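File shown: upload_37.txt (compact mmCIF, C-alpha atoms and all ligand atoms).
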# COMPACT_ATOMS: atom_id res chain seq x y z
CA MET A 155 -27.40 107.96 11.47
CA ALA A 156 -24.90 105.66 13.14
CA THR A 157 -24.28 105.79 16.87
CA THR A 158 -20.67 106.83 16.25
CA GLU A 159 -21.83 109.91 14.34
CA LEU A 160 -24.26 110.82 17.12
CA LEU A 161 -21.54 110.35 19.72
CA ASP A 162 -19.27 112.65 17.68
CA LYS A 163 -22.06 115.19 17.59
CA LEU A 164 -22.52 114.92 21.36
CA ASN A 165 -18.78 115.22 21.84
CA SER A 166 -18.68 118.53 19.99
CA THR A 167 -22.03 120.07 21.03
CA GLN A 168 -22.68 118.54 24.51
CA SER A 169 -26.33 118.31 23.54
CA LEU A 170 -28.75 115.92 21.84
CA SER A 171 -32.52 115.63 21.67
CA ILE A 172 -34.38 113.09 23.81
CA GLU A 173 -35.00 111.04 20.63
CA GLU A 174 -31.29 111.03 19.87
CA TYR A 175 -30.40 109.93 23.40
CA LYS A 176 -32.99 107.20 23.10
CA PHE A 177 -31.46 106.10 19.80
CA LEU A 178 -28.00 105.90 21.44
CA ILE A 179 -29.45 103.66 24.15
CA ASP A 180 -31.57 101.48 21.83
CA LYS A 181 -28.59 100.92 19.50
CA PHE A 182 -26.19 100.24 22.34
CA SER A 183 -23.55 97.68 21.30
CA ALA A 184 -20.02 96.72 22.27
CA GLU A 185 -18.70 98.94 19.44
CA SER A 186 -20.73 102.00 20.41
CA ALA A 187 -19.69 101.51 24.05
CA ALA A 188 -16.00 101.31 23.11
CA TYR A 189 -16.34 104.39 20.92
CA ALA A 190 -18.15 106.37 23.64
CA ALA A 191 -15.57 105.32 26.24
CA ALA A 192 -12.65 106.48 24.07
CA LEU A 193 -14.25 109.91 23.54
CA ALA A 194 -15.17 110.15 27.24
CA VAL A 195 -11.69 109.26 28.46
CA ASN A 196 -10.23 111.98 26.21
CA LYS A 197 -12.68 114.51 27.60
CA ARG A 198 -12.00 113.64 31.22
CA LYS A 199 -8.25 113.86 30.59
CA GLU A 200 -8.64 117.38 29.17
CA VAL A 201 -10.32 118.44 32.41
CA TYR A 202 -8.98 116.18 35.16
CA LYS A 203 -5.85 114.57 33.62
CA ASN A 204 -5.19 111.10 35.02
CA SER A 205 -6.17 111.83 38.57
CA VAL A 206 -8.94 110.10 40.44
CA PHE A 207 -10.53 111.82 43.42
CA ILE A 208 -11.38 109.78 46.49
CA ARG A 209 -14.18 110.41 48.98
CA GLY A 210 -14.44 108.74 52.35
CA LEU A 211 -17.99 107.44 52.68
CA ILE A 212 -19.40 107.37 56.20
CA GLU A 213 -22.78 105.64 56.39
CA ILE A 214 -24.16 107.40 59.45
CA SER A 215 -27.49 105.61 59.86
CA ASN A 216 -29.63 102.93 58.25
CA ILE A 217 -32.75 104.16 60.02
CA CYS A 218 -35.13 105.61 57.45
CA LYS A 219 -38.63 107.00 57.54
CA ASN A 220 -39.08 106.42 53.81
CA ASP A 221 -40.23 103.29 52.05
CA CYS A 222 -38.61 103.36 48.59
CA TYR A 223 -39.48 100.04 46.93
CA TYR A 224 -35.92 99.31 45.76
CA CYS A 225 -34.03 100.05 48.93
CA GLY A 226 -32.97 97.51 51.56
CA ILE A 227 -33.13 100.03 54.41
CA ARG A 228 -36.74 101.09 53.67
CA CYS A 229 -38.81 101.46 56.84
CA SER A 230 -41.01 98.42 56.04
CA ASN A 231 -38.03 96.07 56.06
CA LYS A 232 -38.41 94.66 59.55
CA LYS A 233 -35.42 92.39 59.01
CA ALA A 234 -32.93 95.24 58.71
CA ASP A 235 -30.66 95.43 61.74
CA ARG A 236 -30.84 99.16 62.48
CA TYR A 237 -27.99 101.35 63.75
CA ARG A 238 -26.96 104.96 63.93
CA LEU A 239 -23.47 106.31 64.52
CA SER A 240 -22.70 108.71 67.35
CA LYS A 241 -20.91 111.99 66.75
CA ALA A 242 -17.81 110.47 68.37
CA GLN A 243 -17.93 107.50 65.99
CA ILE A 244 -18.32 109.79 62.97
CA LEU A 245 -15.38 111.95 64.06
CA SER A 246 -13.28 108.88 64.59
CA CYS A 247 -14.06 107.76 61.00
CA CYS A 248 -12.84 111.18 59.84
CA ASP A 249 -9.66 110.83 61.92
CA SER A 250 -8.71 107.57 60.30
CA GLY A 251 -9.83 108.84 56.90
CA TYR A 252 -7.72 111.97 57.18
CA SER A 253 -4.57 110.02 57.91
CA LEU A 254 -5.29 107.75 54.94
CA GLY A 255 -5.39 110.83 52.70
CA PHE A 256 -9.09 111.56 52.37
CA ARG A 257 -9.91 115.25 51.99
CA THR A 258 -13.64 114.81 51.39
CA PHE A 259 -15.98 113.12 53.84
CA VAL A 260 -19.39 112.04 52.61
CA MET A 261 -21.99 111.49 55.30
CA GLN A 262 -24.80 109.39 53.88
CA GLY A 263 -27.77 107.85 55.59
CA GLY A 264 -31.42 107.01 55.56
CA GLU A 265 -33.83 109.81 56.44
CA ASP A 266 -33.33 109.33 60.16
CA PRO A 267 -35.23 111.97 62.19
CA TYR A 268 -32.55 111.77 64.89
CA PHE A 269 -30.21 113.73 62.63
CA SER A 270 -32.08 117.00 63.08
CA ASP A 271 -30.64 120.29 61.88
CA ASP A 272 -29.07 120.97 65.28
CA VAL A 273 -27.46 117.54 65.52
CA MET A 274 -26.21 117.57 61.93
CA CYS A 275 -24.95 121.18 62.02
CA ASP A 276 -22.98 120.42 65.17
CA ILE A 277 -21.32 117.43 63.49
CA VAL A 278 -20.55 119.36 60.30
CA LYS A 279 -19.07 122.27 62.27
CA SER A 280 -16.87 119.95 64.32
CA ILE A 281 -15.52 118.25 61.20
CA LYS A 282 -14.85 121.55 59.45
CA GLU A 283 -13.13 122.98 62.55
CA LYS A 284 -10.87 119.99 62.87
CA TYR A 285 -10.17 119.54 59.15
CA SER A 286 -10.39 122.97 57.58
CA ASP A 287 -8.76 121.63 54.40
CA CYS A 288 -11.51 119.06 53.85
CA ALA A 289 -14.83 119.19 52.03
CA VAL A 290 -17.98 117.82 53.62
CA THR A 291 -20.60 116.20 51.42
CA LEU A 292 -24.04 115.27 52.73
CA SER A 293 -26.41 112.67 51.33
CA LEU A 294 -29.32 112.63 53.74
CA GLY A 295 -32.31 112.79 51.44
CA GLU A 296 -35.06 115.37 51.21
CA ARG A 297 -35.16 118.21 53.72
CA SER A 298 -36.68 121.69 53.74
CA LYS A 299 -34.87 124.60 52.13
CA GLU A 300 -34.35 126.12 55.57
CA SER A 301 -32.72 122.92 56.72
CA TYR A 302 -30.40 122.79 53.69
CA GLN A 303 -29.50 126.44 54.33
CA LYS A 304 -28.56 125.69 57.95
CA LEU A 305 -26.37 122.77 56.88
CA PHE A 306 -24.67 124.96 54.29
CA ASP A 307 -24.12 127.73 56.84
CA ALA A 308 -22.60 125.15 59.18
CA GLY A 309 -19.98 124.49 56.51
CA ALA A 310 -21.25 121.63 54.32
CA ASP A 311 -19.92 122.01 50.79
CA ARG A 312 -21.74 119.47 48.66
CA TYR A 313 -25.03 117.55 48.64
CA LEU A 314 -25.87 114.34 46.82
CA LEU A 315 -29.51 113.65 46.08
CA ARG A 316 -30.10 111.32 43.18
CA HIS A 317 -33.19 112.24 41.17
CA GLU A 318 -33.59 108.42 40.64
CA THR A 319 -35.56 108.87 37.38
CA ALA A 320 -36.55 112.00 35.46
CA ASP A 321 -39.93 110.52 34.47
CA SER A 322 -42.66 111.20 37.01
CA CYS A 323 -44.69 108.05 36.18
CA HIS A 324 -41.60 105.91 36.53
CA TYR A 325 -40.79 107.76 39.76
CA SER A 326 -44.17 106.76 41.15
CA ARG A 327 -43.53 103.10 40.36
CA LEU A 328 -40.31 103.21 42.42
CA HIS A 329 -41.64 105.16 45.40
CA PRO A 330 -44.73 105.35 47.60
CA GLU A 331 -47.21 108.14 46.97
CA ASN A 332 -45.80 110.60 49.49
CA LEU A 333 -42.57 110.87 47.47
CA THR A 334 -42.73 112.73 44.18
CA LEU A 335 -40.34 113.68 41.42
CA GLU A 336 -41.61 117.23 41.74
CA ASN A 337 -40.39 117.47 45.31
CA ARG A 338 -37.04 115.80 44.46
CA LEU A 339 -36.42 118.37 41.75
CA GLN A 340 -37.48 121.20 44.05
CA CYS A 341 -34.91 119.96 46.59
CA LEU A 342 -32.20 119.87 43.91
CA ASN A 343 -33.05 123.42 42.83
CA ASN A 344 -33.05 124.61 46.44
CA LEU A 345 -29.64 123.06 47.06
CA ARG A 346 -28.25 124.76 43.99
CA GLU A 347 -29.72 128.15 44.92
CA ILE A 348 -28.18 127.93 48.37
CA GLY A 349 -24.75 127.40 46.86
CA PHE A 350 -23.99 123.70 47.36
CA GLN A 351 -22.09 121.73 44.77
CA VAL A 352 -25.02 119.47 43.87
CA GLY A 353 -25.17 115.86 42.74
CA CYS A 354 -28.08 114.06 41.11
CA GLY A 355 -28.14 110.60 39.56
CA PHE A 356 -30.09 107.46 38.81
CA MET A 357 -30.04 103.68 38.84
CA VAL A 358 -29.56 101.72 35.62
CA GLY A 359 -31.99 98.86 35.06
CA SER A 360 -34.37 99.79 37.85
CA PRO A 361 -37.74 98.00 37.56
CA TYR A 362 -40.01 99.26 34.74
CA GLN A 363 -37.24 101.48 33.32
CA THR A 364 -37.33 102.00 29.53
CA SER A 365 -34.82 103.56 27.14
CA GLU A 366 -37.10 106.58 26.99
CA HIS A 367 -36.77 107.04 30.75
CA LEU A 368 -32.98 106.87 30.47
CA ALA A 369 -33.09 109.35 27.59
CA LYS A 370 -35.02 111.72 29.86
CA ASP A 371 -32.42 111.22 32.59
CA LEU A 372 -29.71 112.25 30.13
CA LYS A 373 -31.68 115.27 28.95
CA PHE A 374 -32.26 116.27 32.57
CA ILE A 375 -28.52 116.04 33.27
CA GLU A 376 -27.83 118.13 30.18
CA ALA A 377 -30.19 120.84 31.42
CA PHE A 378 -29.41 120.74 35.15
CA LYS A 379 -25.63 120.42 34.75
CA PRO A 380 -25.03 118.82 38.16
CA ASP A 381 -21.60 119.17 39.73
CA MET A 382 -21.70 115.45 40.54
CA CYS A 383 -23.65 112.55 39.11
CA GLY A 384 -24.09 109.12 40.72
CA ILE A 385 -24.97 106.31 38.30
CA GLY A 386 -25.04 102.68 39.34
CA PRO A 387 -26.89 99.52 38.38
CA PHE A 388 -30.04 98.63 40.30
CA ILE A 389 -29.38 95.52 42.42
CA PRO A 390 -32.26 93.66 44.07
CA HIS A 391 -32.52 93.29 47.82
CA LYS A 392 -34.25 90.14 49.04
CA ASP A 393 -36.45 91.90 51.61
CA THR A 394 -37.95 94.50 49.28
CA PRO A 395 -40.90 94.44 46.84
CA PHE A 396 -38.36 94.39 43.99
CA LYS A 397 -36.61 91.24 45.16
CA ASP A 398 -37.41 89.30 41.98
CA PHE A 399 -36.29 91.90 39.47
CA PRO A 400 -32.94 91.39 37.73
CA ALA A 401 -29.94 93.60 38.41
CA GLY A 402 -29.02 96.33 35.94
CA SER A 403 -26.19 95.78 33.50
CA ALA A 404 -22.60 96.89 34.09
CA ASP A 405 -22.12 97.35 30.32
CA LEU A 406 -25.02 99.76 30.00
CA THR A 407 -23.95 101.58 33.18
CA CYS A 408 -20.46 102.14 31.74
CA TYR A 409 -21.91 103.34 28.43
CA LEU A 410 -24.10 105.85 30.28
CA LEU A 411 -21.11 107.03 32.32
CA SER A 412 -19.33 107.77 29.04
CA ILE A 413 -22.34 109.62 27.64
CA VAL A 414 -22.68 111.71 30.81
CA ARG A 415 -18.98 112.63 30.59
CA LEU A 416 -19.57 113.82 27.00
CA ILE A 417 -22.65 115.83 28.01
CA HIS A 418 -20.87 117.50 30.88
CA PRO A 419 -17.05 117.25 30.69
CA GLN A 420 -16.47 118.83 34.14
CA VAL A 421 -18.85 116.58 36.07
CA LEU A 422 -17.52 114.68 39.08
CA LEU A 423 -18.52 111.16 38.16
CA PRO A 424 -18.06 108.29 40.59
CA ALA A 425 -17.42 104.71 39.61
CA THR A 426 -19.97 103.50 42.15
CA THR A 427 -19.89 100.68 44.68
CA ALA A 428 -22.95 99.20 42.92
CA LEU A 429 -20.96 99.00 39.69
CA GLY A 430 -18.14 97.28 41.58
CA THR A 431 -20.69 94.91 43.10
CA VAL A 432 -22.29 93.67 39.86
CA GLU A 433 -18.93 93.03 38.25
CA GLY A 434 -15.41 92.32 39.50
CA LYS A 435 -13.22 95.26 38.35
CA GLY A 436 -16.45 97.20 37.78
CA ARG A 437 -14.98 100.31 39.34
CA GLU A 438 -11.88 100.17 37.15
CA ARG A 439 -14.17 99.76 34.14
CA GLY A 440 -16.08 102.82 35.31
CA ILE A 441 -12.87 104.86 35.36
CA LEU A 442 -12.00 103.57 31.89
CA SER A 443 -15.44 104.71 30.74
CA GLY A 444 -14.98 108.31 31.91
CA ALA A 445 -15.60 108.30 35.67
CA ASN A 446 -13.11 110.19 37.87
CA VAL A 447 -14.19 109.59 41.47
CA VAL A 448 -14.25 106.60 43.81
CA MET A 449 -15.88 106.54 47.22
CA PRO A 450 -14.24 103.97 49.51
CA ASN A 451 -16.13 103.03 52.64
CA LEU A 452 -14.91 104.66 55.87
CA SER A 453 -17.77 103.42 58.06
CA PRO A 454 -16.88 101.42 61.17
CA GLU A 455 -16.35 97.74 60.33
CA SER A 456 -19.11 96.79 62.78
CA THR A 457 -21.86 98.66 60.90
CA ARG A 458 -20.75 98.31 57.29
CA ALA A 459 -22.73 95.19 56.47
CA LYS A 460 -25.85 96.73 58.01
CA TYR A 461 -25.99 99.56 55.49
CA GLU A 462 -27.42 97.09 53.03
CA LEU A 463 -29.13 99.05 50.27
CA TYR A 464 -28.96 95.95 48.06
CA ASN A 465 -27.68 92.39 48.44
CA ASN A 466 -23.97 91.53 48.29
CA LYS A 467 -22.93 95.19 48.55
CA LEU A 468 -19.13 95.34 48.57
CA SER A 469 -17.73 96.59 51.83
CA THR A 470 -14.38 94.92 52.28
CA GLY A 471 -11.33 94.68 50.07
CA ALA A 472 -10.27 97.40 47.63
CA GLU A 473 -13.52 99.33 48.02
CA SER A 474 -13.02 99.84 51.76
CA ALA A 475 -10.73 102.52 53.10
CA ASN A 476 -8.32 99.94 54.51
CA GLY A 477 -8.09 98.61 51.00
CA LEU A 478 -6.79 101.93 49.73
CA GLU A 479 -3.39 100.48 48.85
CA ALA A 480 -5.09 97.84 46.71
CA LEU A 481 -7.20 100.52 45.07
CA LYS A 482 -4.09 102.59 44.32
CA LYS A 483 -2.50 99.60 42.67
CA ASN A 484 -5.61 98.72 40.65
CA LEU A 485 -5.80 102.31 39.42
CA SER A 486 -2.11 102.59 38.61
CA ASP A 487 -2.38 99.34 36.64
CA ILE A 488 -4.82 101.12 34.33
CA GLY A 489 -2.81 104.37 34.22
CA TYR A 490 -4.50 106.51 36.87
CA GLN A 491 -3.47 107.87 40.26
CA ILE A 492 -5.32 109.04 43.33
CA GLU A 493 -5.03 112.77 43.97
CA ILE A 494 -4.91 113.85 47.62
CA SER A 495 -7.11 116.96 47.54
CA ARG A 496 -10.66 118.11 48.13
CA GLY A 497 -11.31 117.41 44.48
CA ASP A 498 -13.77 120.21 43.82
CA VAL A 499 -15.58 120.45 40.51
CA LYS A 500 -13.63 122.39 37.84
CA LYS A 501 -15.74 125.33 36.74
N1 LIG A 601 -31.42 108.65 51.95
C1 LIG A 601 -30.45 109.19 51.02
C2 LIG A 601 -29.43 108.17 50.61
C3 LIG A 601 -30.04 107.04 49.83
S1 LIG A 601 -28.97 105.70 49.46
C4 LIG A 601 -31.18 109.77 49.85
O1 LIG A 601 -32.39 109.64 49.76
O2 LIG A 601 -30.55 110.39 49.00
C5 LIG A 601 -28.13 106.31 48.05
C6 LIG A 601 -28.58 105.79 46.71
O3 LIG A 601 -28.48 104.37 46.64
C7 LIG A 601 -30.01 106.05 46.34
O4 LIG A 601 -30.19 107.35 45.88
C8 LIG A 601 -30.29 104.99 45.27
O5 LIG A 601 -30.13 105.52 43.96
C9 LIG A 601 -29.22 103.93 45.55
N2 LIG A 601 -29.87 102.65 45.85
C10 LIG A 601 -30.80 102.38 46.80
N3 LIG A 601 -31.22 101.10 46.69
C11 LIG A 601 -30.55 100.54 45.66
C12 LIG A 601 -30.57 99.27 45.03
N4 LIG A 601 -31.38 98.29 45.43
N5 LIG A 601 -29.73 99.06 43.98
C13 LIG A 601 -28.90 100.03 43.56
N6 LIG A 601 -28.86 101.26 44.10
C14 LIG A 601 -29.67 101.52 45.14
Produce structure tokens that represent the structure in this file.
Ligand code: SAH
Amino acid sequence: MATTELLDKLNSTQSLSIEEYKFLIDKFSAESAAYAAALAVNKRKEVYKNSVFIRGLIEISNICKNDCYYCGIRCSNKKADRYRLSKAQILSCCDSGYSLGFRTFVMQGGEDPYFSDDVMCDIVKSIKEKYSDCAVTLSLGERSKESYQKLFDAGADRYLLRHETADSCHYSRLHPENLTLENRLQCLNNLREIGFQVGCGFMVGSPYQTSEHLAKDLKFIEAFKPDMCGIGPFIPHKDTPFKDFPAGSADLTCYLLSIVRLIHPQVLLPATTALGTVEGKGRERGILSGANVVMPNLSPESTRAKYELYNNKLSTGAESANGLEALKKNLSDIGYQIEISRGDVKK
């Protein structure tokens, strides 16, 4: 079977076997990518028209108790210049974000014990009181179900927790022993049960990744049906064990974005900063492959460079909130416009 036939099948059934997903990845070519992108763009237009949702990303802390081998803010990286934002700083990011037109704030950070349930719930409540028309998304890693419940009760709407890889052996090559795929998936299920809009996701081209692993990621997404899905290329960071591995490919990332759009037409799919980092115009290419979300950086200028998950991470220009005008222009050049709204998932 040709990849185009399989993509047609996926387009009409939203489901393939792991072997078929693997075939799509192994036979990846410029033609199959163009074909997948055309189908994916049609699908996203049926659901979300030409609008792109924006999220203001606030990187609240680069202090982390975990030691993920790929990540620049892992606890063993003694060279990282650590910071954490105060509640006042976070609220001031929201203030400027709100006037720029953001109606979703994403608070992301390392697993920093300072941000206990009490501290985090207080911040979430204050944001929701001040901006009742805004959604709050959290991306703070693994916590207990009770903790997630408290954050939800405080008003948080969405939670992003990438599964990173749906293969448990591969998971154990990316993380130290205390972190398991089993617990990740338990967290994702807990978040869903509580009522969050939930996001999973993975890196493309992470060390030791095979096409079979990616096929499992796609099958997992097909089964879990996340509301959001973050997919970006792996990019090495010089002070991590993975410093000598090559970065993942923008082409393959875009192809996978298209496939995920076909699997799950409603999914909120960001064109990630990592995609914009490995390739100029990467984010625009992501949108043209079926993505419908961008997450400009709203963090204070003074801390932006310190949230260094990988080297050369974009943090100025069109991907920063001050660059919103440039982003609008780049998107309108390719036929899309930013929608000022919470941008919830269409059910
Ligand atoms: N502590 C939070 C946020 C982690 S950072 C959590 O655990 O969810 C957000 C995402 O950045 C991670 O899930 C990972 O997929 C991605 N990331 C980390 N290091 C990276 C790297 N070197 N290259 C590309 N993406 C990376």
- Contacts with ligand LIG 601 (chain A) at most 8 Å, only C-alpha atoms and all ligand atoms counted, listed as a PyMOL selection string: chain A and resi 218+222+224-226+262-265+293-296+314-318+355-357+360+384-391+401+428+463-465
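Closest approach to Thr431 in chain A from the set A:Arg496, A:Arg346, A:Lys467, A:Lys203 is made by A:Lys467, with distances taken over only C-alpha atoms.
For the choices A:Tyr302, A:Tyr409, A:Phe207, A:Tyr461, the atom-to-atom distance to Ser183 in chain A is smallest for A:Tyr409 when using all atoms listed in the file.
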- Query: Which of these residues is nearest to Gly309 in chain A, using all atoms listed in the file: A:Gly444, A:Gly255, A:Pro450, A:Gly349?
  - Reply: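 Of A:Gly444, A:Gly255, A:Pro450, A:Gly349, the one nearest Gly309 in chain A is A:Gly349, counting all atoms listed in the file.
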- Message: I'd like to know which of A:Thr394, A:Lys199, A:Pro454, A:Leu485 is closest to Arg437 in chain A, using all atoms listed in the file.
- Response: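 Looking at the shortest contact to Arg437 in chain A, the residue is A:Leu485.
Atom pair CA of Phe259 in chain A / CA of Ala289 in chain A: separated by 6.4 Å.
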- Atomic distance CA of Asn216 in chain A - CA of Arg238 in chain A, expressed in Å with one decimal: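 We find that CA of Asn216 in chain A and CA of Arg238 in chain A lie 6.6 Å from each other.
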- In Å, with one decimal, what is the gap from CA of Leu239 in chain A to CA of Ser253 in chain A?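 Between these atoms lies a distance of 20.4 Å.
Comparing the minimum interatomic distances between Ser230 in chain A and each of A:Arg458, A:Asp393, A:Gln351, A:Met261, counting only C-alpha atoms, we find that A:Asp393 sits nearest.
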- Item | Radius query 9 Å about (-12.6, 114.1, 24.7), atoms used: all atoms listed in the file, as a list in words | Asn165, Ser166, Ala192, Leu193, Ala194, Val195, Asn196, Lys197, Arg198, Lys199, Glu200, Arg415, Leu416 and Pro419 of chain A
- Task: Would you mind telling me which residue in A:Ile413, A:Ile217, A:Asp271, A:Ile348 lies nearest to Lys232 in chain A when using all atoms listed in the file?
- Result: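 Using all atoms listed in the file, the shortest distance to Lys232 in chain A belongs to A:Ile217.
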- Please identify all polymer residues within 12 Å of Glu283 in chain A, counting all atoms listed in the file, omitting same-chain residues fewer than 5 positions from it, and present them as a PyMOL selection string. chain A and resi 245+275-278+288-290+308-310
Taking all heavy atoms as the atom set, what does range 313-321 of chain A look like once completed, written as a short mmCIF file (atom, residue, chain, number, x, y, z; two decimals), keeping the file's coordinate frame?
data_model
loop_
_atom_site.label_atom_id
_atom_site.label_comp_id
_atom_site.auth_asym_id
_atom_site.auth_seq_id
_atom_site.Cartn_x
_atom_site.Cartn_y
_atom_site.Cartn_z
N TYR A 313 -23.88 118.38 48.26
CA TYR A 313 -25.03 117.55 48.64
C TYR A 313 -25.38 116.62 47.48
O TYR A 313 -25.52 117.06 46.35
CB TYR A 313 -26.23 118.43 48.98
CG TYR A 313 -27.21 117.74 49.90
CD1 TYR A 313 -27.24 118.03 51.27
CD2 TYR A 313 -28.10 116.79 49.42
CE1 TYR A 313 -28.12 117.38 52.13
CE2 TYR A 313 -28.99 116.13 50.28
CZ TYR A 313 -28.99 116.43 51.63
OH TYR A 313 -29.86 115.79 52.48
N LEU A 314 -25.48 115.35 47.81
CA LEU A 314 -25.87 114.34 46.82
C LEU A 314 -27.31 113.93 47.04
O LEU A 314 -27.68 113.49 48.13
CB LEU A 314 -25.02 113.06 46.98
CG LEU A 314 -23.52 113.14 46.82
CD1 LEU A 314 -22.90 111.78 47.20
CD2 LEU A 314 -23.17 113.48 45.38
N LEU A 315 -28.12 114.08 46.01
CA LEU A 315 -29.51 113.65 46.08
C LEU A 315 -29.88 113.15 44.68
O LEU A 315 -30.18 113.94 43.79
CB LEU A 315 -30.42 114.83 46.48
CG LEU A 315 -31.89 114.49 46.68
CD1 LEU A 315 -32.13 113.65 47.93
CD2 LEU A 315 -32.73 115.78 46.75
N ARG A 316 -29.79 111.85 44.50
CA ARG A 316 -30.10 111.32 43.18
C ARG A 316 -31.55 111.63 42.82
O ARG A 316 -32.44 111.50 43.68
CB ARG A 316 -29.88 109.81 43.14
CG ARG A 316 -28.41 109.44 43.22
CD ARG A 316 -28.28 107.97 42.97
NE ARG A 316 -26.92 107.50 43.01
CZ ARG A 316 -26.58 106.22 42.81
NH1 ARG A 316 -27.53 105.33 42.59
NH2 ARG A 316 -25.33 105.85 42.84
N HIS A 317 -31.79 112.00 41.56
CA HIS A 317 -33.19 112.24 41.17
C HIS A 317 -33.89 110.90 40.93
O HIS A 317 -35.10 110.83 40.88
CB HIS A 317 -33.26 113.17 39.95
CG HIS A 317 -32.66 112.61 38.71
ND1 HIS A 317 -31.30 112.53 38.51
CD2 HIS A 317 -33.23 112.06 37.62
CE1 HIS A 317 -31.07 111.96 37.34
NE2 HIS A 317 -32.22 111.66 36.77
N GLU A 318 -33.12 109.82 40.79
CA GLU A 318 -33.59 108.42 40.64
C GLU A 318 -34.19 108.11 39.27
O GLU A 318 -33.90 107.08 38.69
CB GLU A 318 -34.56 107.98 41.75
CG GLU A 318 -34.11 108.29 43.20
CD GLU A 318 -32.85 107.56 43.66
OE1 GLU A 318 -32.27 106.77 42.91
OE2 GLU A 318 -32.41 107.83 44.81
N THR A 319 -35.05 108.97 38.76
CA THR A 319 -35.56 108.87 37.38
C THR A 319 -36.21 110.21 37.06
O THR A 319 -36.84 110.81 37.91
CB THR A 319 -36.60 107.74 37.20
OG1 THR A 319 -37.21 107.90 35.90
CG2 THR A 319 -37.70 107.78 38.24
N ALA A 320 -36.01 110.68 35.83
CA ALA A 320 -36.55 112.00 35.46
C ALA A 320 -37.96 111.89 34.88
O ALA A 320 -38.49 112.87 34.36
CB ALA A 320 -35.61 112.68 34.47
N ASP A 321 -38.56 110.71 34.97
CA ASP A 321 -39.93 110.52 34.47
C ASP A 321 -40.86 110.35 35.67
O ASP A 321 -40.67 109.43 36.48
CB ASP A 321 -39.96 109.28 33.57
CG ASP A 321 -41.35 109.02 33.01
OD1 ASP A 321 -42.17 108.40 33.71
OD2 ASP A 321 -41.60 109.46 31.87
#
